[in-house]
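**Q** Sharing a structure here in structure tokens format.
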Amino acid sequence: MYGSRQNLALARARLLVCAAALALLTSLAAAGHRGAEAASPPQPSFVVIQTDDETLDQLYDTFRQEPTLQVMPNTLNLIAKRGMTFNRYYVSYPLCCPSRVSLLTGRYAHSHGVKGNVQPNGGYFGFSFRAADTHNLAVWLQNAGYRTIHVGKFLNGYGDEPFDNGTAVPPGWSAWHSVLKADTNHYYYGYTLNNNGQLEGPYGDSGSWESREYSVRDDIGCPLAPLNGLPCFYETDTLTRVANEELLGTSPEQPFYLQLDYTAPHGDFRKPAGPEPAPRHYNWFLGAPYPHDRSQGFAEGNVSDKPSFIRDAPYLSLNDIHTYRVYYQKSLDSLRAVDDGVKQVIDTLGYLHRLRNTYVIFTSDNGFFFGEHRLTGGKFLAYEPSTHLPFLIRGPGIRPGTETNELTGNIDIAPTVLELAGVEADKSVDGRSIAPFLHDPELHTTRPLLFESFFETSDVEANGTLSRAGARRARGGDGATASILAPPKDYEGIVLGAYKYIAWPDGEKELYDLEKDPYELNNVVRIPNYYPVRNFLHRRLRELEDCVGRTCREEAPPIPPTRRERQQEIREKKVEQREKHKQNQAQKRPIR
């Protein structure tokens, strides 16, 4: 009996041990599952900050008389130093609307079809009836559960009658705060916003076209502490405020994509020349010189190697030089408010504890000419000041302070965001994800980039540079063909390795070795030494000009050496062969 009770007690004890072990295993398994869930981070969020007409020089510029005064210290310290700089970032078509559509779709202009700023075929109206309207980054991310937010300038022609009244919210955007007639007016005061389908404004007073003056400007204490107690309306500050409000209003669990499109540093047709700075930044860079001097292409003297429209252009007048120097100084002044906005957005992300899981990108839609190659007041062309632009990115897994020289373009932004978000596009893209380069700055490929342009007109005003009268004066009269403005002429081009090759519709060609000639002063296309390179790039250009999807991303074969480099290779090979022959002969000699 005693033995039976003992056995029963032992059995019960064993059952209790087994039950405890099972409970422990179950608890550990559950904890492991929760740990696995915790170890899998949520989808990342994205902030894309895009300026209008900002050049690479302006991002890095400092005031020569006070070198410690940087133009954009917050942007450099909070994005570049905390992330990665792409030193060779280009836009394929340096014109506002086509460039912005390429960012959204990941496609070249010949693929997405929005080939200009001017409606009905270009601009927002041209965008609205093409596939790009419903097949773009905002739509793809929203369908995947992202909250998509747009703040600022969208596309040229948005809100411009008779093609558009500015009341529409394009597909894909969860929150919409976009400026009407941004490219027609470029107002920094007196603008109207479409706030989620409701037109609101004007914000401030745009003044008069006759006087070309703003009637009322913000108090110097804006946007935080206006001394006069009146509202603050300066556009850059308003866009920053709205963007931060949208971030604060986003659910902590929901990933988001914010595209913040500033108007600055685009000019505004108000006195003086250039964009309107925030009052707190007036004349910060008064006296700042042009970004380039004569040895770097400013008012280029010998243009005999350039296309005919530059060869025919007059030297810059003293009035031109003064006007665009003021323009450049005002551009630097206006970027200070953008730089303040960058810091506020970063601070808001930090306050929300979302900075660690958010990628922040800073870039520009196209550049601008300030006298290089005798060109002022425009962009359009494939030269460096117009196409070679800022691209900075910080985010999860990116080592602070890293750089890469990998060739990158605006067609790469959409596929990069999609890969990092784990989202698929429903339409082919021409660009590629740069995610591999974010984790390996030493990685390099031979994927080329295409330059393209699709219209030829003297109506520069329609693309937001000078007034019609100013354009006529710059061209030297109604009938003159010479122009110091960068004309929106048709061309094609390619950049690959150290070389840039441009082909004009009249048969003229340009070839530049950017390593030896970064300011594009010496067109070497007619120098026999470069014929192998020229012919190679011409064939690659013909393959790329109509590419779609995968064919746009294919790597090119190695660039052939120049004739002199090839001759040097032959000489070195002969010397090597002679040395080997001597060594072989020495080994064959009998030892005495």
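Residues are referred to by chain and number: the chain letter is A, B, ... according to the order shown in the structure tokens, the number counts from 1 in that chain, and ligands are numbered separately from 1 in the order shown.
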Could you tell me, as a list of chain:residue names, which residues of segment 400-433 of chain A DSSP assigns to helix (DSSP H, G or I) when given the backbone?

**A**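 Residues of segment 400-433 of chain A classed as helix (DSSP H, G or I): A:Asn410, A:Ile411, A:Asp412, A:Ile413, A:Ala414, A:Pro415, A:Thr416, A:Val417, A:Leu418, A:Glu419, A:Leu420, A:Ala421.
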
**Q** Please write the residues from the selection above to a file, keeping N, CA, C and O atoms, as an mmCIF file, in the first residue's frame.

**A**
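result-v7.cif written:
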```cif
data_model
loop_
_atom_site.group_PDB
_atom_site.id
_atom_site.type_symbol
_atom_site.label_atom_id
_atom_site.label_comp_id
_atom_site.auth_asym_id
_atom_site.auth_seq_id
_atom_site.Cartn_x
_atom_site.Cartn_y
_atom_site.Cartn_z
ATOM 1 N N ASN A 410 17.894 61.229 -60.782
ATOM 2 C CA ASN A 410 16.576 61.392 -60.179
ATOM 3 C C ASN A 410 15.640 60.238 -60.515
ATOM 4 O O ASN A 410 14.656 60.009 -59.808
ATOM 5 N N ILE A 411 15.921 59.492 -61.577
ATOM 6 C CA ILE A 411 15.105 58.316 -61.879
ATOM 7 C C ILE A 411 15.331 57.194 -60.859
ATOM 8 O O ILE A 411 14.584 56.208 -60.841
ATOM 9 N N ASP A 412 16.351 57.333 -59.998
ATOM 10 C CA ASP A 412 16.664 56.294 -59.017
ATOM 11 C C ASP A 412 15.941 56.481 -57.686
ATOM 12 O O ASP A 412 15.948 55.570 -56.849
ATOM 13 N N ILE A 413 15.317 57.644 -57.473
ATOM 14 C CA ILE A 413 14.717 57.912 -56.164
ATOM 15 C C ILE A 413 13.508 57.018 -55.912
ATOM 16 O O ILE A 413 13.389 56.378 -54.857
ATOM 17 N N ALA A 414 12.585 56.940 -56.868
ATOM 18 C CA ALA A 414 11.384 56.121 -56.669
ATOM 19 C C ALA A 414 11.720 54.650 -56.437
ATOM 20 O O ALA A 414 11.225 54.044 -55.468
ATOM 21 N N PRO A 415 12.540 54.003 -57.285
ATOM 22 C CA PRO A 415 12.850 52.598 -57.007
ATOM 23 C C PRO A 415 13.583 52.376 -55.691
ATOM 24 O O PRO A 415 13.432 51.325 -55.059
ATOM 25 N N THR A 416 14.361 53.370 -55.248
ATOM 26 C CA THR A 416 15.046 53.248 -53.958
ATOM 27 C C THR A 416 14.048 53.253 -52.817
ATOM 28 O O THR A 416 14.092 52.399 -51.919
ATOM 29 N N VAL A 417 13.122 54.212 -52.827
ATOM 30 C CA VAL A 417 12.097 54.282 -51.784
ATOM 31 C C VAL A 417 11.267 53.002 -51.776
ATOM 32 O O VAL A 417 10.959 52.444 -50.706
ATOM 33 N N LEU A 418 10.905 52.509 -52.937
ATOM 34 C CA LEU A 418 10.095 51.298 -53.015
ATOM 35 C C LEU A 418 10.825 50.099 -52.411
ATOM 36 O O LEU A 418 10.239 49.328 -51.642
ATOM 37 N N GLU A 419 12.096 49.933 -52.741
ATOM 38 C CA GLU A 419 12.829 48.783 -52.183
ATOM 39 C C GLU A 419 12.962 48.896 -50.673
ATOM 40 O O GLU A 419 12.762 47.915 -49.948
ATOM 41 N N LEU A 420 13.291 50.081 -50.185
ATOM 42 C CA LEU A 420 13.448 50.253 -48.743
ATOM 43 C C LEU A 420 12.122 50.050 -48.011
ATOM 44 O O LEU A 420 12.100 49.598 -46.860
ATOM 45 N N ALA A 421 11.010 50.379 -48.682
ATOM 46 C CA ALA A 421 9.687 50.209 -48.074
ATOM 47 C C ALA A 421 9.143 48.800 -48.256
ATOM 48 O O ALA A 421 8.139 48.436 -47.622
#
```

**Q** Near Thr51 of chain A, counting only C-alpha atoms, which residues have an atom at most 6 Å away, once you skip same-chain residues fewer than 6 positions from it, shown as number ranges by chain?

**A** A: 261-262, 364

**Q** Give me, as number ranges by chain, all polymer residues having an atom no more than 12 Å from segment 554-563 of chain A, counting only C-alpha atoms and skipping those fewer than 3 positions away in the same chain.

**A** A: 407, 430-432, 444-449, 494-499, 513, 524-525, 527-541, 543-544, 547-551, 566-570

**Q** Taking into account only C-alpha atoms, which residue in the set A:Tyr257, A:Tyr214, A:Tyr327, A:Tyr89 is nearest to Leu286 of chain A?

**A**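 Looking at the shortest contact to Leu286 of chain A, the residue is A:Tyr327.
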
**Q** I need the residues of segment 404-553 of chain A that end up classed as strand (DSSP E) by DSSP on the backbone, written out as an MDAnalysis selection string.

**A** chainID A and resid 404:409 449:453 491:496 499:503 509:513

**Q** Taking N, CA, C and O atoms for each residue, export the selection above as an mmCIF file, in the first residue's frame.

**A**
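And here's part_28.cif as it stands now:
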```
data_model
loop_
_atom_site.group_PDB
_atom_site.id
_atom_site.type_symbol
_atom_site.label_atom_id
_atom_site.label_comp_id
_atom_site.auth_asym_id
_atom_site.auth_seq_id
_atom_site.Cartn_x
_atom_site.Cartn_y
_atom_site.Cartn_z
ATOM 1 N N THR A 404 29.834 58.586 -51.722
ATOM 2 C CA THR A 404 30.023 57.680 -52.838
ATOM 3 C C THR A 404 30.118 58.480 -54.128
ATOM 4 O O THR A 404 29.472 59.526 -54.258
ATOM 5 N N ASN A 405 30.912 57.990 -55.055
ATOM 6 C CA ASN A 405 31.032 58.605 -56.375
ATOM 7 C C ASN A 405 30.255 57.830 -57.435
ATOM 8 O O ASN A 405 30.452 58.061 -58.628
ATOM 9 N N GLU A 406 29.380 56.944 -56.988
ATOM 10 C CA GLU A 406 28.563 56.199 -57.934
ATOM 11 C C GLU A 406 27.630 57.144 -58.684
ATOM 12 O O GLU A 406 27.005 58.031 -58.087
ATOM 13 N N LEU A 407 27.534 56.952 -59.992
ATOM 14 C CA LEU A 407 26.674 57.783 -60.829
ATOM 15 C C LEU A 407 25.207 57.487 -60.500
ATOM 16 O O LEU A 407 24.758 56.344 -60.574
ATOM 17 N N THR A 408 24.460 58.543 -60.125
ATOM 18 C CA THR A 408 23.094 58.388 -59.653
ATOM 19 C C THR A 408 22.222 59.469 -60.269
ATOM 20 O O THR A 408 22.697 60.568 -60.557
ATOM 21 N N GLY A 409 20.928 59.169 -60.456
ATOM 22 C CA GLY A 409 20.033 60.138 -61.074
ATOM 23 C C GLY A 409 18.687 60.225 -60.385
ATOM 24 O O GLY A 409 18.339 59.399 -59.528
ATOM 25 N N LEU A 449 23.938 57.342 -67.495
ATOM 26 C CA LEU A 449 22.721 58.143 -67.354
ATOM 27 C C LEU A 449 22.500 58.942 -68.637
ATOM 28 O O LEU A 449 23.447 59.404 -69.275
ATOM 29 N N LEU A 450 21.225 59.128 -68.961
ATOM 30 C CA LEU A 450 20.821 59.816 -70.182
ATOM 31 C C LEU A 450 20.465 61.267 -69.883
ATOM 32 O O LEU A 450 19.845 61.571 -68.862
ATOM 33 N N PHE A 451 20.846 62.177 -70.783
ATOM 34 C CA PHE A 451 20.326 63.544 -70.791
ATOM 35 C C PHE A 451 19.397 63.672 -71.996
ATOM 36 O O PHE A 451 19.675 63.117 -73.061
ATOM 37 N N GLU A 452 18.323 64.430 -71.827
ATOM 38 C CA GLU A 452 17.385 64.591 -72.932
ATOM 39 C C GLU A 452 16.610 65.895 -72.805
ATOM 40 O O GLU A 452 16.477 66.463 -71.722
ATOM 41 N N SER A 453 16.130 66.381 -73.940
ATOM 42 C CA SER A 453 15.296 67.573 -74.013
ATOM 43 C C SER A 453 14.401 67.418 -75.232
ATOM 44 O O SER A 453 14.809 66.809 -76.220
ATOM 45 N N TYR A 491 18.171 68.223 -77.429
ATOM 46 C CA TYR A 491 19.481 67.585 -77.460
ATOM 47 C C TYR A 491 19.366 66.234 -76.778
ATOM 48 O O TYR A 491 18.374 65.927 -76.105
ATOM 49 N N GLU A 492 20.388 65.425 -76.933
ATOM 50 C CA GLU A 492 20.533 64.175 -76.196
ATOM 51 C C GLU A 492 21.950 64.110 -75.676
ATOM 52 O O GLU A 492 22.867 64.700 -76.252
ATOM 53 N N GLY A 493 22.124 63.399 -74.597
ATOM 54 C CA GLY A 493 23.467 63.275 -74.056
ATOM 55 C C GLY A 493 23.583 62.081 -73.138
ATOM 56 O O GLY A 493 22.582 61.420 -72.803
ATOM 57 N N ILE A 494 24.795 61.803 -72.744
ATOM 58 C CA ILE A 494 25.051 60.673 -71.857
ATOM 59 C C ILE A 494 26.224 61.029 -70.965
ATOM 60 O O ILE A 494 27.160 61.723 -71.386
ATOM 61 N N VAL A 495 26.176 60.575 -69.717
ATOM 62 C CA VAL A 495 27.316 60.706 -68.813
ATOM 63 C C VAL A 495 27.672 59.304 -68.347
ATOM 64 O O VAL A 495 26.802 58.514 -67.950
ATOM 65 N N LEU A 496 28.949 58.987 -68.448
ATOM 66 C CA LEU A 496 29.433 57.653 -68.101
ATOM 67 C C LEU A 496 30.897 57.777 -67.733
ATOM 68 O O LEU A 496 31.696 58.348 -68.486
ATOM 69 N N TYR A 499 33.289 60.896 -68.482
ATOM 70 C CA TYR A 499 32.957 61.613 -69.708
ATOM 71 C C TYR A 499 31.485 62.015 -69.788
ATOM 72 O O TYR A 499 30.592 61.310 -69.302
ATOM 73 N N LYS A 500 31.269 63.155 -70.441
ATOM 74 C CA LYS A 500 29.931 63.622 -70.799
ATOM 75 C C LYS A 500 29.918 63.911 -72.298
ATOM 76 O O LYS A 500 30.777 64.636 -72.812
ATOM 77 N N TYR A 501 28.927 63.345 -72.984
ATOM 78 C CA TYR A 501 28.803 63.484 -74.436
ATOM 79 C C TYR A 501 27.421 64.037 -74.752
ATOM 80 O O TYR A 501 26.411 63.545 -74.234
ATOM 81 N N ILE A 502 27.358 65.089 -75.592
ATOM 82 C CA ILE A 502 26.104 65.754 -75.932
ATOM 83 C C ILE A 502 25.982 65.819 -77.447
ATOM 84 O O ILE A 502 26.931 66.209 -78.137
ATOM 85 N N ALA A 503 24.812 65.445 -77.961
ATOM 86 C CA ALA A 503 24.554 65.480 -79.403
ATOM 87 C C ALA A 503 23.383 66.421 -79.669
ATOM 88 O O ALA A 503 22.299 66.252 -79.115
ATOM 89 N N LYS A 509 28.337 68.330 -81.811
ATOM 90 C CA LYS A 509 28.602 67.395 -80.727
ATOM 91 C C LYS A 509 29.521 68.052 -79.693
ATOM 92 O O LYS A 509 30.299 68.952 -80.013
ATOM 93 N N GLU A 510 29.413 67.562 -78.463
ATOM 94 C CA GLU A 510 30.304 68.005 -77.392
ATOM 95 C C GLU A 510 30.761 66.790 -76.592
ATOM 96 O O GLU A 510 29.976 65.876 -76.325
ATOM 97 N N LEU A 511 32.022 66.806 -76.184
ATOM 98 C CA LEU A 511 32.588 65.751 -75.348
ATOM 99 C C LEU A 511 33.510 66.395 -74.318
ATOM 100 O O LEU A 511 34.401 67.170 -74.673
ATOM 101 N N TYR A 512 33.284 66.069 -73.052
ATOM 102 C CA TYR A 512 34.087 66.646 -71.977
ATOM 103 C C TYR A 512 34.622 65.537 -71.077
ATOM 104 O O TYR A 512 33.896 64.595 -70.728
ATOM 105 N N ASP A 513 35.888 65.666 -70.729
ATOM 106 C CA ASP A 513 36.519 64.800 -69.734
ATOM 107 C C ASP A 513 36.384 65.512 -68.390
ATOM 108 O O ASP A 513 37.148 66.433 -68.082
#
```

**Q** Find the spatial neighbours of Ser206 of chain A, counting only C-alpha atoms, within a cut-off of 7 Å - ignore same-chain residues fewer than 4 positions away - and output them as a list in words.

**A**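 So the residues in contact are Tyr187, Tyr189, Gly190, Tyr214 and Ser215 of chain A.
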
**Q** So that I have them on file, write out the residues from the current selection with C-alpha atoms, as a CSV table (one decimal), in the first residue's frame.

**A**
```
chain,number,residue,atom,x,y,z
A,187,TYR,CA,5.0,84.3,-54.9
A,189,TYR,CA,3.6,86.4,-50.3
A,190,GLY,CA,0.1,86.3,-51.6
A,214,TYR,CA,5.5,93.1,-52.3
A,215,SER,CA,3.1,95.4,-50.4
```

**Q** Closest to Glu235 of chain A among A:Gly152, A:Lys181, A:Thr250, A:Ala273, using only C-alpha atoms?

**A** A:Gly152

**Q** Using only C-alpha atoms, find the one residue out of A:Ser111, A:Thr240, A:Ser45, A:Gln58 that sits nearest to Pro255 of chain A.

**A**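 Checking each of A:Ser111, A:Thr240, A:Ser45, A:Gln58 against Pro255 of chain A, counting only C-alpha atoms, the winner is A:Ser45.
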
**Q** For Gly197 of chain A, which residue out of A:Arg88, A:His150, A:Lys516, A:His177 is the nearest one, using only C-alpha atoms?

**A**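 Checking each of A:Arg88, A:His150, A:Lys516, A:His177 against Gly197 of chain A, counting only C-alpha atoms, the winner is A:His177.
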
**Q** How many Å separate atom CA of Leu381 of chain A from atom CA of Gln329 of chain A?

**A**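 For atom CA of Leu381 of chain A relative to atom CA of Gln329 of chain A, the distance reads 22.7 Å.
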
**Q** Applying 9 Å and only C-alpha atoms, which residues near Asn357 of chain A remain after dropping the ones on its own chain fewer than 6 positions away? List them as a list of chain:residue names.

**A**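 Non-adjacent residues within range: A:Pro41, A:Pro42, A:Gln43, A:Pro44, A:Ser45, A:Phe46, A:Gly395, A:Pro396.
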
**Q** If we count only C-alpha atoms and set the cut-off at 12 Å, which residues sit around Leu521 of chain A, ignoring sequence neighbours fewer than 3 positions away in its own chain? Please answer as a ChimeraX atom specification.

**A** /A:294-306,372-374,383-384,510-514,516-518,524

**Q** Go ahead and write the selection's residues with N, CA, C and O atoms as a compact mmCIF listing (two decimals), in the first residue's frame.

**A**
```
# COMPACT_ATOMS: atom_id res chain seq x y z
N ARG A 294 36.28 83.53 -63.89
CA ARG A 294 36.52 83.39 -65.32
C ARG A 294 37.32 82.13 -65.66
O ARG A 294 37.14 81.53 -66.72
N SER A 295 38.21 81.73 -64.75
CA SER A 295 38.97 80.51 -65.01
C SER A 295 38.10 79.27 -64.90
O SER A 295 38.50 78.18 -65.32
N GLN A 296 36.89 79.42 -64.35
CA GLN A 296 35.96 78.31 -64.19
C GLN A 296 34.74 78.44 -65.10
O GLN A 296 33.73 77.77 -64.89
N GLY A 297 34.84 79.30 -66.11
CA GLY A 297 33.80 79.37 -67.12
C GLY A 297 32.87 80.55 -67.05
O GLY A 297 32.01 80.71 -67.93
N PHE A 298 32.99 81.40 -66.04
CA PHE A 298 32.11 82.57 -65.97
C PHE A 298 32.43 83.51 -67.14
O PHE A 298 33.59 83.85 -67.37
N ALA A 299 31.37 83.93 -67.85
CA ALA A 299 31.53 84.81 -69.02
C ALA A 299 32.64 84.28 -69.93
O ALA A 299 33.55 85.01 -70.32
N GLU A 300 32.55 83.00 -70.24
CA GLU A 300 33.61 82.30 -70.96
C GLU A 300 34.07 83.09 -72.19
O GLU A 300 33.25 83.52 -73.00
N GLY A 301 35.39 83.26 -72.31
CA GLY A 301 35.92 84.06 -73.39
C GLY A 301 35.96 83.35 -74.73
O GLY A 301 35.35 83.79 -75.70
N ASN A 302 36.63 82.22 -74.77
CA ASN A 302 36.75 81.46 -76.02
C ASN A 302 35.68 80.39 -76.07
O ASN A 302 35.78 79.36 -75.38
N VAL A 303 34.66 80.61 -76.87
CA VAL A 303 33.56 79.65 -77.00
C VAL A 303 33.52 79.05 -78.40
O VAL A 303 32.49 78.57 -78.86
N SER A 304 34.66 79.04 -79.07
CA SER A 304 34.71 78.53 -80.44
C SER A 304 34.42 77.04 -80.51
O SER A 304 34.06 76.52 -81.58
N ASP A 305 34.57 76.34 -79.39
CA ASP A 305 34.30 74.90 -79.37
C ASP A 305 32.88 74.57 -78.94
O ASP A 305 32.51 73.40 -78.86
N LYS A 306 32.07 75.60 -78.65
CA LYS A 306 30.71 75.38 -78.17
C LYS A 306 29.71 75.39 -79.32
O LYS A 306 30.03 75.80 -80.44
N GLU A 372 27.96 81.07 -66.35
CA GLU A 372 28.83 80.06 -66.94
C GLU A 372 28.54 79.93 -68.43
O GLU A 372 27.38 79.87 -68.85
N HIS A 373 29.60 79.86 -69.24
CA HIS A 373 29.48 79.75 -70.71
C HIS A 373 28.62 80.89 -71.29
O HIS A 373 27.93 80.70 -72.29
N ARG A 374 28.65 82.05 -70.62
CA ARG A 374 27.86 83.22 -71.04
C ARG A 374 26.36 83.00 -70.87
O ARG A 374 25.55 83.72 -71.46
N TYR A 383 24.95 71.02 -69.20
CA TYR A 383 26.18 71.43 -68.52
C TYR A 383 26.05 71.25 -67.00
O TYR A 383 24.94 71.25 -66.45
N GLU A 384 27.19 71.16 -66.33
CA GLU A 384 27.23 70.82 -64.90
C GLU A 384 26.38 71.72 -64.01
O GLU A 384 25.67 71.22 -63.13
N GLU A 510 29.41 67.56 -78.46
CA GLU A 510 30.30 68.00 -77.39
C GLU A 510 30.76 66.79 -76.59
O GLU A 510 29.98 65.88 -76.33
N LEU A 511 32.02 66.81 -76.18
CA LEU A 511 32.59 65.75 -75.35
C LEU A 511 33.51 66.39 -74.32
O LEU A 511 34.40 67.17 -74.67
N TYR A 512 33.28 66.07 -73.05
CA TYR A 512 34.09 66.65 -71.98
C TYR A 512 34.62 65.54 -71.08
O TYR A 512 33.90 64.60 -70.73
N ASP A 513 35.89 65.67 -70.73
CA ASP A 513 36.52 64.80 -69.73
C ASP A 513 36.38 65.51 -68.39
O ASP A 513 37.15 66.43 -68.08
N LEU A 514 35.40 65.11 -67.60
CA LEU A 514 35.06 65.84 -66.38
C LEU A 514 36.13 65.73 -65.30
O LEU A 514 36.19 66.59 -64.41
N LYS A 516 39.42 65.86 -65.90
CA LYS A 516 40.44 66.83 -66.28
C LYS A 516 39.86 68.23 -66.48
O LYS A 516 40.58 69.22 -66.36
N ASP A 517 38.58 68.28 -66.79
CA ASP A 517 37.95 69.55 -67.18
C ASP A 517 36.57 69.66 -66.52
O ASP A 517 35.54 69.60 -67.19
N PRO A 518 36.51 69.81 -65.18
CA PRO A 518 35.21 69.79 -64.48
C PRO A 518 34.30 70.97 -64.84
O PRO A 518 33.09 70.89 -64.60
N VAL A 524 36.39 68.32 -76.48
CA VAL A 524 37.44 67.53 -77.13
C VAL A 524 36.88 66.60 -78.19
O VAL A 524 37.56 65.67 -78.63
```

**Q** Skip Val360 of chain A itself and residues of its chain fewer than 5 positions away, then list as number ranges by chain all residues within 12 Å of it, counting only C-alpha atoms.

**A** A: 44-50, 75, 78-80, 82-85, 256-260, 342-343, 345-346, 349, 354-355, 391-396, 398, 413, 417

**Q** So the first atom is atom CA of Ser178 of chain A and the second is atom CA of Val242 of chain A; what is the distance between them in Å, to one decimal place?

**A**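 Here the two named atoms are 10.4 Å from each other.
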